[in-house]
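Participant: Here you go, entry-v2.txt (compact mmCIF, N, CA and C atoms):
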# COMPACT_ATOMS: atom_id res chain seq x y z
N MET D 1 16.97 -30.06 22.79
CA MET D 1 18.35 -30.12 22.30
C MET D 1 19.30 -29.99 23.48
N TYR D 2 20.34 -30.80 23.48
CA TYR D 2 21.34 -30.80 24.55
C TYR D 2 22.46 -29.82 24.22
N TYR D 3 23.00 -29.19 25.29
CA TYR D 3 24.20 -28.38 25.12
C TYR D 3 25.36 -29.14 25.77
N VAL D 4 26.25 -29.62 24.94
CA VAL D 4 27.42 -30.35 25.42
C VAL D 4 28.62 -29.42 25.31
N ASN D 5 29.29 -29.20 26.42
CA ASN D 5 30.46 -28.34 26.43
C ASN D 5 31.68 -29.16 25.94
N HIS D 6 31.73 -29.34 24.63
CA HIS D 6 32.79 -30.16 24.04
C HIS D 6 34.18 -29.63 24.38
N GLU D 7 34.32 -28.33 24.42
CA GLU D 7 35.63 -27.74 24.69
C GLU D 7 36.17 -28.18 26.05
N GLN D 8 35.35 -28.08 27.08
CA GLN D 8 35.79 -28.44 28.43
C GLN D 8 35.97 -29.95 28.58
N ILE D 9 35.09 -30.72 27.97
CA ILE D 9 35.22 -32.18 28.03
C ILE D 9 36.49 -32.61 27.30
N ASP D 10 36.70 -32.09 26.09
CA ASP D 10 37.90 -32.46 25.32
C ASP D 10 39.18 -32.05 26.03
N LEU D 11 39.19 -30.88 26.65
CA LEU D 11 40.36 -30.42 27.38
C LEU D 11 40.75 -31.42 28.46
N ARG D 12 39.77 -31.90 29.18
CA ARG D 12 40.03 -32.86 30.26
C ARG D 12 40.39 -34.24 29.71
N LEU D 13 39.71 -34.66 28.66
CA LEU D 13 40.03 -35.97 28.07
C LEU D 13 41.44 -35.99 27.50
N LYS D 14 41.89 -34.87 26.95
CA LYS D 14 43.25 -34.81 26.40
C LYS D 14 44.32 -34.85 27.49
N PHE D 15 43.91 -34.62 28.74
CA PHE D 15 44.85 -34.68 29.87
C PHE D 15 45.04 -36.13 30.35
N ILE D 16 44.12 -37.00 30.00
CA ILE D 16 44.17 -38.39 30.49
C ILE D 16 45.47 -39.10 30.11
N PRO D 17 45.99 -38.98 28.89
CA PRO D 17 47.28 -39.65 28.60
C PRO D 17 48.41 -39.21 29.55
N THR D 18 48.38 -37.98 30.00
CA THR D 18 49.38 -37.52 30.97
C THR D 18 49.24 -38.28 32.28
N LEU D 19 48.01 -38.47 32.73
CA LEU D 19 47.77 -39.21 33.97
C LEU D 19 48.18 -40.67 33.82
N ILE D 20 47.87 -41.25 32.67
CA ILE D 20 48.25 -42.65 32.41
C ILE D 20 49.77 -42.79 32.43
N ALA D 21 50.46 -41.90 31.74
CA ALA D 21 51.92 -41.94 31.70
C ALA D 21 52.51 -41.75 33.10
N ALA D 22 51.93 -40.86 33.88
CA ALA D 22 52.42 -40.63 35.24
C ALA D 22 52.26 -41.87 36.10
N CYS D 23 51.13 -42.56 36.00
CA CYS D 23 50.93 -43.80 36.75
C CYS D 23 51.98 -44.84 36.36
N GLU D 24 52.16 -44.99 35.08
CA GLU D 24 53.11 -45.99 34.58
C GLU D 24 54.54 -45.66 35.00
N GLN D 25 54.93 -44.40 34.91
CA GLN D 25 56.28 -44.00 35.32
C GLN D 25 56.48 -44.17 36.82
N LEU D 26 55.46 -43.81 37.58
CA LEU D 26 55.56 -43.94 39.04
C LEU D 26 55.75 -45.41 39.42
N GLU D 27 55.00 -46.29 38.81
CA GLU D 27 55.15 -47.73 39.10
C GLU D 27 56.56 -48.22 38.81
N LYS D 28 57.14 -47.78 37.70
CA LYS D 28 58.48 -48.22 37.32
C LYS D 28 59.54 -47.71 38.30
N VAL D 29 59.42 -46.46 38.68
CA VAL D 29 60.43 -45.84 39.53
C VAL D 29 60.29 -46.28 40.98
N TRP D 30 59.09 -46.62 41.40
CA TRP D 30 58.81 -46.93 42.81
C TRP D 30 59.74 -48.02 43.36
N GLU D 31 59.78 -49.15 42.68
CA GLU D 31 60.56 -50.28 43.19
C GLU D 31 62.07 -50.03 43.09
N LEU D 32 62.49 -49.14 42.21
CA LEU D 32 63.91 -48.84 42.06
C LEU D 32 64.41 -47.84 43.11
N THR D 33 63.47 -47.25 43.82
CA THR D 33 63.82 -46.21 44.79
C THR D 33 63.74 -46.77 46.20
N PRO D 34 64.81 -46.60 46.97
CA PRO D 34 64.77 -47.07 48.37
C PRO D 34 63.64 -46.38 49.12
N SER D 35 63.00 -47.11 50.02
CA SER D 35 61.83 -46.58 50.73
C SER D 35 62.17 -45.30 51.49
N SER D 36 63.40 -45.14 51.93
CA SER D 36 63.78 -43.93 52.66
C SER D 36 63.87 -42.70 51.76
N GLU D 37 63.83 -42.91 50.44
CA GLU D 37 63.96 -41.81 49.48
C GLU D 37 62.69 -41.61 48.64
N ARG D 38 61.56 -42.05 49.15
CA ARG D 38 60.32 -42.02 48.36
C ARG D 38 59.39 -40.85 48.66
N LEU D 39 59.81 -39.88 49.42
CA LEU D 39 58.90 -38.78 49.77
C LEU D 39 58.31 -38.11 48.54
N LEU D 40 59.15 -37.75 47.57
CA LEU D 40 58.63 -37.11 46.36
C LEU D 40 57.72 -38.04 45.57
N LEU D 41 58.02 -39.33 45.59
CA LEU D 41 57.15 -40.29 44.90
C LEU D 41 55.79 -40.38 45.58
N HIS D 42 55.79 -40.33 46.91
CA HIS D 42 54.51 -40.34 47.64
C HIS D 42 53.68 -39.11 47.28
N LEU D 43 54.33 -37.96 47.25
CA LEU D 43 53.60 -36.73 46.91
C LEU D 43 53.13 -36.74 45.47
N ALA D 44 53.95 -37.29 44.58
CA ALA D 44 53.54 -37.42 43.17
C ALA D 44 52.34 -38.35 43.07
N GLN D 45 52.37 -39.44 43.82
CA GLN D 45 51.26 -40.38 43.82
C GLN D 45 49.96 -39.69 44.26
N GLU D 46 50.04 -38.92 45.31
CA GLU D 46 48.85 -38.21 45.80
C GLU D 46 48.32 -37.25 44.74
N ARG D 47 49.21 -36.56 44.07
CA ARG D 47 48.78 -35.62 43.03
C ARG D 47 48.16 -36.35 41.84
N ILE D 48 48.73 -37.46 41.45
CA ILE D 48 48.17 -38.26 40.36
C ILE D 48 46.76 -38.72 40.72
N LEU D 49 46.60 -39.24 41.92
CA LEU D 49 45.28 -39.71 42.36
C LEU D 49 44.29 -38.55 42.39
N HIS D 50 44.71 -37.42 42.94
CA HIS D 50 43.82 -36.26 43.05
C HIS D 50 43.42 -35.73 41.67
N LEU D 51 44.38 -35.59 40.78
CA LEU D 51 44.07 -35.10 39.43
C LEU D 51 43.18 -36.09 38.67
N SER D 52 43.36 -37.37 38.92
CA SER D 52 42.49 -38.37 38.29
C SER D 52 41.06 -38.22 38.79
N ILE D 53 40.90 -38.01 40.07
CA ILE D 53 39.57 -37.79 40.65
C ILE D 53 38.92 -36.57 40.01
N GLU D 54 39.65 -35.48 39.97
CA GLU D 54 39.09 -34.23 39.44
C GLU D 54 38.74 -34.37 37.95
N THR D 55 39.58 -35.05 37.21
CA THR D 55 39.33 -35.23 35.77
C THR D 55 38.05 -36.03 35.56
N ILE D 56 37.92 -37.15 36.24
CA ILE D 56 36.74 -38.02 36.08
C ILE D 56 35.47 -37.29 36.54
N THR D 57 35.53 -36.64 37.68
CA THR D 57 34.32 -36.00 38.21
C THR D 57 33.96 -34.73 37.44
N ASP D 58 34.96 -34.01 36.94
CA ASP D 58 34.66 -32.83 36.11
C ASP D 58 33.94 -33.24 34.83
N VAL D 59 34.48 -34.24 34.15
CA VAL D 59 33.84 -34.71 32.92
C VAL D 59 32.46 -35.28 33.26
N GLY D 60 32.39 -36.04 34.34
CA GLY D 60 31.10 -36.60 34.75
C GLY D 60 30.06 -35.52 35.00
N SER D 61 30.45 -34.47 35.69
CA SER D 61 29.52 -33.37 35.96
C SER D 61 29.08 -32.68 34.67
N LEU D 62 30.00 -32.52 33.75
CA LEU D 62 29.66 -31.91 32.46
C LEU D 62 28.67 -32.79 31.68
N LEU D 63 28.86 -34.10 31.75
CA LEU D 63 27.93 -35.01 31.08
C LEU D 63 26.56 -34.99 31.76
N ILE D 64 26.56 -35.00 33.07
CA ILE D 64 25.30 -34.97 33.82
C ILE D 64 24.51 -33.71 33.47
N ASP D 65 25.19 -32.58 33.43
CA ASP D 65 24.52 -31.32 33.08
C ASP D 65 24.06 -31.32 31.63
N ALA D 66 24.92 -31.78 30.74
CA ALA D 66 24.61 -31.74 29.30
C ALA D 66 23.42 -32.60 28.94
N PHE D 67 23.33 -33.78 29.55
CA PHE D 67 22.28 -34.71 29.17
C PHE D 67 21.16 -34.79 30.20
N MET D 68 21.12 -33.78 31.06
CA MET D 68 20.04 -33.63 32.04
C MET D 68 19.77 -34.92 32.81
N MET D 69 20.83 -35.51 33.31
CA MET D 69 20.72 -36.70 34.15
C MET D 69 20.32 -36.24 35.54
N ARG D 70 20.00 -37.18 36.41
CA ARG D 70 19.62 -36.78 37.77
C ARG D 70 20.80 -36.09 38.46
N ASP D 71 20.49 -35.21 39.38
CA ASP D 71 21.53 -34.47 40.10
C ASP D 71 22.34 -35.41 40.98
N ALA D 72 23.62 -35.18 40.98
CA ALA D 72 24.53 -35.97 41.82
C ALA D 72 24.59 -35.36 43.22
N SER D 73 24.58 -36.21 44.22
CA SER D 73 24.65 -35.73 45.60
C SER D 73 26.05 -35.85 46.19
N SER D 74 26.96 -36.52 45.47
CA SER D 74 28.32 -36.71 45.97
C SER D 74 29.22 -37.11 44.80
N TYR D 75 30.50 -37.20 45.08
CA TYR D 75 31.44 -37.67 44.07
C TYR D 75 31.14 -39.12 43.70
N GLU D 76 30.83 -39.95 44.70
CA GLU D 76 30.47 -41.33 44.43
C GLU D 76 29.22 -41.40 43.56
N ASP D 77 28.29 -40.49 43.80
CA ASP D 77 27.04 -40.48 43.04
C ASP D 77 27.30 -40.13 41.56
N ILE D 78 28.27 -39.27 41.29
CA ILE D 78 28.63 -38.98 39.89
C ILE D 78 28.99 -40.27 39.18
N ILE D 79 29.79 -41.10 39.84
CA ILE D 79 30.21 -42.37 39.26
C ILE D 79 29.00 -43.29 39.05
N GLU D 80 28.13 -43.36 40.02
CA GLU D 80 26.94 -44.22 39.92
C GLU D 80 26.01 -43.76 38.80
N ILE D 81 25.83 -42.47 38.66
CA ILE D 81 24.98 -41.94 37.59
C ILE D 81 25.56 -42.31 36.24
N LEU D 82 26.85 -42.13 36.06
CA LEU D 82 27.49 -42.45 34.78
C LEU D 82 27.40 -43.95 34.48
N ARG D 83 27.53 -44.77 35.51
CA ARG D 83 27.36 -46.22 35.31
C ARG D 83 25.90 -46.52 34.94
N ASP D 84 24.96 -45.94 35.68
CA ASP D 84 23.54 -46.17 35.40
C ASP D 84 23.15 -45.73 33.99
N GLU D 85 23.78 -44.66 33.52
CA GLU D 85 23.49 -44.15 32.17
C GLU D 85 24.30 -44.85 31.09
N ARG D 86 25.07 -45.85 31.51
CA ARG D 86 25.85 -46.70 30.61
C ARG D 86 26.97 -45.95 29.87
N VAL D 87 27.54 -44.96 30.58
CA VAL D 87 28.72 -44.31 30.04
C VAL D 87 29.88 -45.29 30.10
N PHE D 88 29.97 -46.03 31.20
CA PHE D 88 30.96 -47.09 31.35
C PHE D 88 30.35 -48.25 32.13
N GLU D 89 31.06 -49.36 32.13
CA GLU D 89 30.58 -50.60 32.74
C GLU D 89 30.87 -50.63 34.24
N ALA D 90 30.31 -51.63 34.91
CA ALA D 90 30.41 -51.77 36.37
C ALA D 90 31.86 -51.94 36.84
N ASP D 91 32.68 -52.65 36.08
CA ASP D 91 34.07 -52.86 36.53
C ASP D 91 34.86 -51.55 36.52
N THR D 92 34.62 -50.72 35.53
CA THR D 92 35.26 -49.40 35.48
C THR D 92 34.70 -48.52 36.60
N ALA D 93 33.40 -48.60 36.82
CA ALA D 93 32.77 -47.84 37.90
C ALA D 93 33.38 -48.21 39.25
N ALA D 94 33.68 -49.48 39.45
CA ALA D 94 34.25 -49.92 40.73
C ALA D 94 35.61 -49.26 40.98
N VAL D 95 36.43 -49.18 39.94
CA VAL D 95 37.74 -48.51 40.08
C VAL D 95 37.53 -47.04 40.41
N PHE D 96 36.62 -46.37 39.68
CA PHE D 96 36.39 -44.95 39.90
C PHE D 96 35.73 -44.67 41.25
N ARG D 97 34.88 -45.58 41.72
CA ARG D 97 34.25 -45.41 43.03
C ARG D 97 35.33 -45.44 44.12
N GLU D 98 36.23 -46.41 44.01
CA GLU D 98 37.33 -46.49 44.97
C GLU D 98 38.20 -45.24 44.89
N LEU D 99 38.42 -44.76 43.69
CA LEU D 99 39.23 -43.56 43.49
C LEU D 99 38.59 -42.35 44.17
N VAL D 100 37.33 -42.08 43.89
CA VAL D 100 36.72 -40.86 44.43
C VAL D 100 36.56 -40.91 45.95
N GLN D 101 36.56 -42.11 46.52
CA GLN D 101 36.50 -42.22 47.97
C GLN D 101 37.78 -41.72 48.64
N LEU D 102 38.83 -41.55 47.85
CA LEU D 102 40.09 -41.01 48.38
C LEU D 102 40.10 -39.48 48.44
N ARG D 103 39.14 -38.83 47.82
CA ARG D 103 39.18 -37.38 47.66
C ARG D 103 39.29 -36.64 48.99
N LYS D 104 38.47 -36.98 49.94
CA LYS D 104 38.50 -36.27 51.22
C LYS D 104 39.88 -36.39 51.87
N SER D 105 40.42 -37.61 51.86
CA SER D 105 41.76 -37.81 52.45
C SER D 105 42.82 -36.99 51.73
N LEU D 106 42.76 -36.98 50.39
CA LEU D 106 43.77 -36.28 49.61
C LEU D 106 43.62 -34.77 49.69
N ALA D 107 42.40 -34.27 49.72
CA ALA D 107 42.17 -32.83 49.67
C ALA D 107 42.07 -32.17 51.04
N GLN D 108 41.62 -32.91 52.05
CA GLN D 108 41.40 -32.29 53.35
C GLN D 108 42.24 -32.87 54.47
N GLU D 109 42.57 -34.15 54.37
CA GLU D 109 43.31 -34.81 55.44
C GLU D 109 44.73 -35.16 54.99
N TYR D 110 45.27 -34.32 54.12
CA TYR D 110 46.58 -34.59 53.51
C TYR D 110 47.72 -34.65 54.52
N ALA D 111 47.61 -33.94 55.63
CA ALA D 111 48.69 -33.95 56.61
C ALA D 111 48.84 -35.32 57.27
N SER D 112 47.75 -36.08 57.34
CA SER D 112 47.81 -37.40 57.96
C SER D 112 47.64 -38.53 56.94
N TYR D 113 47.70 -38.21 55.66
CA TYR D 113 47.54 -39.24 54.63
C TYR D 113 48.67 -40.25 54.76
N PRO D 114 48.36 -41.55 54.73
CA PRO D 114 49.42 -42.57 54.87
C PRO D 114 50.38 -42.57 53.67
N ARG D 115 51.65 -42.55 53.98
CA ARG D 115 52.67 -42.49 52.94
C ARG D 115 53.66 -43.65 53.09
N GLU D 116 53.12 -44.87 53.09
CA GLU D 116 53.99 -46.02 53.25
C GLU D 116 54.17 -46.83 51.97
N THR D 117 53.10 -46.94 51.18
CA THR D 117 53.14 -47.87 50.05
C THR D 117 52.62 -47.22 48.77
N LEU D 118 52.85 -47.92 47.69
CA LEU D 118 52.27 -47.52 46.41
C LEU D 118 50.80 -47.93 46.45
N HIS D 119 49.91 -46.99 46.19
CA HIS D 119 48.48 -47.28 46.25
C HIS D 119 48.13 -48.22 45.10
N PRO D 120 47.32 -49.26 45.36
CA PRO D 120 46.96 -50.21 44.31
C PRO D 120 46.26 -49.58 43.11
N LEU D 121 45.61 -48.45 43.30
CA LEU D 121 44.94 -47.81 42.18
C LEU D 121 45.92 -47.28 41.13
N ILE D 122 47.15 -47.02 41.52
CA ILE D 122 48.14 -46.55 40.54
C ILE D 122 48.30 -47.59 39.43
N GLY D 123 48.21 -48.86 39.77
CA GLY D 123 48.30 -49.91 38.77
C GLY D 123 47.01 -50.12 38.00
N ALA D 124 45.87 -49.83 38.62
CA ALA D 124 44.56 -50.04 37.98
C ALA D 124 44.11 -48.85 37.14
N LEU D 125 44.59 -47.67 37.46
CA LEU D 125 44.12 -46.46 36.78
C LEU D 125 44.43 -46.38 35.29
N PRO D 126 45.60 -46.77 34.82
CA PRO D 126 45.85 -46.61 33.38
C PRO D 126 44.78 -47.24 32.49
N SER D 127 44.38 -48.46 32.78
CA SER D 127 43.36 -49.08 31.93
C SER D 127 42.00 -48.44 32.13
N ALA D 128 41.62 -48.11 33.36
CA ALA D 128 40.32 -47.47 33.62
C ALA D 128 40.26 -46.09 32.96
N LEU D 129 41.35 -45.33 33.06
CA LEU D 129 41.38 -44.01 32.44
C LEU D 129 41.33 -44.11 30.91
N ALA D 130 42.02 -45.09 30.35
CA ALA D 130 41.99 -45.28 28.89
C ALA D 130 40.57 -45.63 28.43
N ILE D 131 39.89 -46.45 29.20
CA ILE D 131 38.50 -46.78 28.88
C ILE D 131 37.66 -45.52 28.93
N PHE D 132 37.81 -44.73 29.97
CA PHE D 132 37.04 -43.50 30.14
C PHE D 132 37.27 -42.56 28.96
N GLU D 133 38.53 -42.42 28.58
CA GLU D 133 38.88 -41.54 27.46
C GLU D 133 38.20 -41.96 26.17
N ALA D 134 37.99 -43.26 26.00
CA ALA D 134 37.36 -43.78 24.79
C ALA D 134 35.83 -43.76 24.86
N VAL D 135 35.27 -44.08 26.03
CA VAL D 135 33.82 -44.23 26.11
C VAL D 135 33.07 -42.91 26.18
N VAL D 136 33.69 -41.87 26.71
CA VAL D 136 32.98 -40.59 26.82
C VAL D 136 32.61 -40.04 25.44
N PRO D 137 33.54 -39.92 24.49
CA PRO D 137 33.13 -39.45 23.15
C PRO D 137 32.11 -40.38 22.49
N ALA D 138 32.24 -41.68 22.72
CA ALA D 138 31.28 -42.63 22.15
C ALA D 138 29.89 -42.41 22.75
N PHE D 139 29.83 -42.17 24.05
CA PHE D 139 28.55 -41.89 24.72
C PHE D 139 27.92 -40.61 24.17
N ILE D 140 28.73 -39.58 24.04
CA ILE D 140 28.22 -38.30 23.53
C ILE D 140 27.66 -38.48 22.12
N SER D 141 28.40 -39.16 21.27
CA SER D 141 27.93 -39.40 19.89
C SER D 141 26.63 -40.19 19.88
N ARG D 142 26.57 -41.20 20.71
CA ARG D 142 25.38 -42.04 20.79
C ARG D 142 24.16 -41.25 21.25
N GLU D 143 24.36 -40.39 22.23
CA GLU D 143 23.24 -39.62 22.79
C GLU D 143 22.80 -38.48 21.88
N LEU D 144 23.70 -37.96 21.07
CA LEU D 144 23.35 -36.83 20.21
C LEU D 144 22.70 -37.26 18.90
N VAL D 145 22.62 -38.56 18.64
CA VAL D 145 21.99 -39.04 17.40
C VAL D 145 20.49 -38.87 17.46
Produce structure tokens that represent the structure in this file.

Facilitator:
Amino acid sequence: MYYVNHEQIDLRLKFIPTLIAACEQLEKVWELTPSSERLLLHLAQERILHLSIETITDVGSLLIDAFMMRDASSYEDIIEILRDERVFEADTAAVFRELVQLRKSLAQEYASYPRETLHPLIGALPSALAIFEAVVPAFISRELV
């Protein structure tokens, strides 16, 4: 019998609409703001990306533990395991792989993180996150049958 920490998974999944809304709002405001006045937008972008990474990898780790999948050796490996276990498809995995590759820069190299442009993932994340929010409960239901 599997132990699925529904409370922790649900808590994180319920945060996804906030991340989606933040991406969408940031995209709208970005072009309306002169580049010389974008410092707060850059910092907001970094936080959105970082929180998206943590949300995906936290839920991924909870799923890996709950369903006794192979141990992950890295953040990228969490994404690969979830793709291999058919939690989500390859196209969603590609977005998340690119996302988690930003973690070191955002968490450790933040002082030198480039702050010139809107990161392309800000536009790709809303749909990938919405897919994730939908497929995780479906995967859990499927596996618990």

Participant: Just want the 7 Å neighbourhood of D:Val4, counted on only N, CA and C atoms, with same-chain residues fewer than 4 positions away dropped. Output as a list of chain:residue names.

Facilitator: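 Listed by chain and then number, they are D:Leu62, D:Ala66, D:Phe67.
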
Participant: Could you jot down the atom C of D:Ser141 to atom C of D:Val59 separation for me, Å, one decimal place?

Facilitator: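 If I compute the distance from atom C of D:Ser141 to atom C of D:Val59, I get 15.4 Å.
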
Participant: Residues within 10 Å of D:Arg83, please, as a list of chain:residue names. Count only C-alpha atoms; anything in the same chain fewer than 6 positions from it doesn't count.

Facilitator: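 Here the qualifying residues turn out to be D:Asp77, D:Glu89, D:Ala90, D:Asp91, D:Thr92, D:Ala93, D:Ala94.
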
Participant: Going by DSSP on the backbone, which bits of stretch 28-144 of chain D are helix (DSSP H, G or I)? Write them as an MDAnalysis selection string, please.

Facilitator: chainID D and resid 28:32 35:37 39:66 75:84 90:100 103:107 110:112 121:144

Participant: Point out the residue among D:Arg12, D:Arg142, D:Arg103, D:His50 with the least atom-to-atom distance to D:Arg86, counting only C-alpha atoms.

Facilitator: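 Selected residue with least distance to D:Arg86: D:Arg142.
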
Participant: Just give me the gap between atom CA of D:Ala107 and atom C of D:Leu49 in Å, one decimal is fine.

Facilitator: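 These atoms are spaced 9.5 Å apart.
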
Participant: Could you jot down the atom CA of D:His119 to atom CA of D:Pro137 separation for me, Å, one decimal place?

Facilitator: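 Spanning atom CA of D:His119 to atom CA of D:Pro137 is a straight-line distance of 28.8 Å.
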
Participant: Which residue out of D:Glu143, D:Asp71, D:Glu133, D:Glu116 has the minimum interatomic distance to D:Trp30 when only C-alpha atoms are used?

Facilitator: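 Of D:Glu143, D:Asp71, D:Glu133, D:Glu116, the one nearest D:Trp30, counting only C-alpha atoms, is D:Glu116.
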
Participant: Find the residues around D:Ile81 up to 8 Å (all atoms listed in the file counted), leave out those fewer than 6 positions away in its own chain, and share them as a list in words.

Facilitator: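 Close residues of D:Ile81: Ile64, Met69, Arg70, Asp71, Ala72, Val87 and Phe88 of chain D.
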
Participant: Counting only C-alpha atoms, which residue out of D:Ser74, D:Gln45, D:Thr57, D:Gln108 sits closest to D:Leu121?

Facilitator: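 Nearest to D:Leu121: D:Gln45.
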
Participant: Which residues are close to D:Leu125, i.e. within 9 Å by only C-alpha atoms, leaving aside same-chain residues fewer than 6 positions away? Reply as a PyMOL selection string.

Facilitator: chain D and resi 19-20+23+49+52+95-96+99

Participant: Please determine, counting only N, CA and C atoms, which residue among D:Val100, D:Ile140, D:Ser73, D:Tyr110 has the shortest atom-to-atom distance to D:Glu54.

Facilitator: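 Distance minimum relative to D:Glu54 lands on D:Val100.
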
Participant: As a short mmCIF file (atom, residue, chain, number, x, y, z; two decimals), in the coordinates of the input, could you write out stretch 118-131 of chain D once it has been completed with N, CA, C and O atoms?

Facilitator:
data_model
loop_
_atom_site.label_atom_id
_atom_site.label_comp_id
_atom_site.auth_asym_id
_atom_site.auth_seq_id
_atom_site.Cartn_x
_atom_site.Cartn_y
_atom_site.Cartn_z
N LEU D 118 52.85 -47.92 47.69
CA LEU D 118 52.27 -47.52 46.41
C LEU D 118 50.80 -47.93 46.45
O LEU D 118 50.48 -49.08 46.74
N HIS D 119 49.91 -46.99 46.19
CA HIS D 119 48.48 -47.28 46.25
C HIS D 119 48.13 -48.22 45.10
O HIS D 119 48.56 -48.01 43.97
N PRO D 120 47.32 -49.26 45.36
CA PRO D 120 46.96 -50.21 44.31
C PRO D 120 46.26 -49.58 43.11
O PRO D 120 46.34 -50.10 41.99
N LEU D 121 45.61 -48.45 43.30
CA LEU D 121 44.94 -47.81 42.18
C LEU D 121 45.92 -47.28 41.13
O LEU D 121 45.55 -47.12 39.97
N ILE D 122 47.15 -47.02 41.52
CA ILE D 122 48.14 -46.55 40.54
C ILE D 122 48.30 -47.59 39.43
O ILE D 122 48.46 -47.23 38.27
N GLY D 123 48.21 -48.86 39.77
CA GLY D 123 48.30 -49.91 38.77
C GLY D 123 47.01 -50.12 38.00
O GLY D 123 47.03 -50.52 36.83
N ALA D 124 45.87 -49.83 38.62
CA ALA D 124 44.56 -50.04 37.98
C ALA D 124 44.11 -48.85 37.14
O ALA D 124 43.32 -49.01 36.21
N LEU D 125 44.59 -47.67 37.46
CA LEU D 125 44.12 -46.46 36.78
C LEU D 125 44.43 -46.38 35.29
O LEU D 125 43.57 -45.93 34.54
N PRO D 126 45.60 -46.77 34.82
CA PRO D 126 45.85 -46.61 33.38
C PRO D 126 44.78 -47.24 32.49
O PRO D 126 44.29 -46.60 31.56
N SER D 127 44.38 -48.46 32.78
CA SER D 127 43.36 -49.08 31.93
C SER D 127 42.00 -48.44 32.13
O SER D 127 41.26 -48.22 31.16
N ALA D 128 41.62 -48.11 33.36
CA ALA D 128 40.32 -47.47 33.62
C ALA D 128 40.26 -46.09 32.96
O ALA D 128 39.24 -45.72 32.37
N LEU D 129 41.35 -45.33 33.06
CA LEU D 129 41.38 -44.01 32.44
C LEU D 129 41.33 -44.11 30.91
O LEU D 129 40.67 -43.30 30.25
N ALA D 130 42.02 -45.09 30.35
CA ALA D 130 41.99 -45.28 28.89
C ALA D 130 40.57 -45.63 28.43
O ALA D 130 40.10 -45.13 27.39
N ILE D 131 39.89 -46.45 29.20
CA ILE D 131 38.50 -46.78 28.88
C ILE D 131 37.66 -45.52 28.93
O ILE D 131 36.88 -45.24 28.01
#
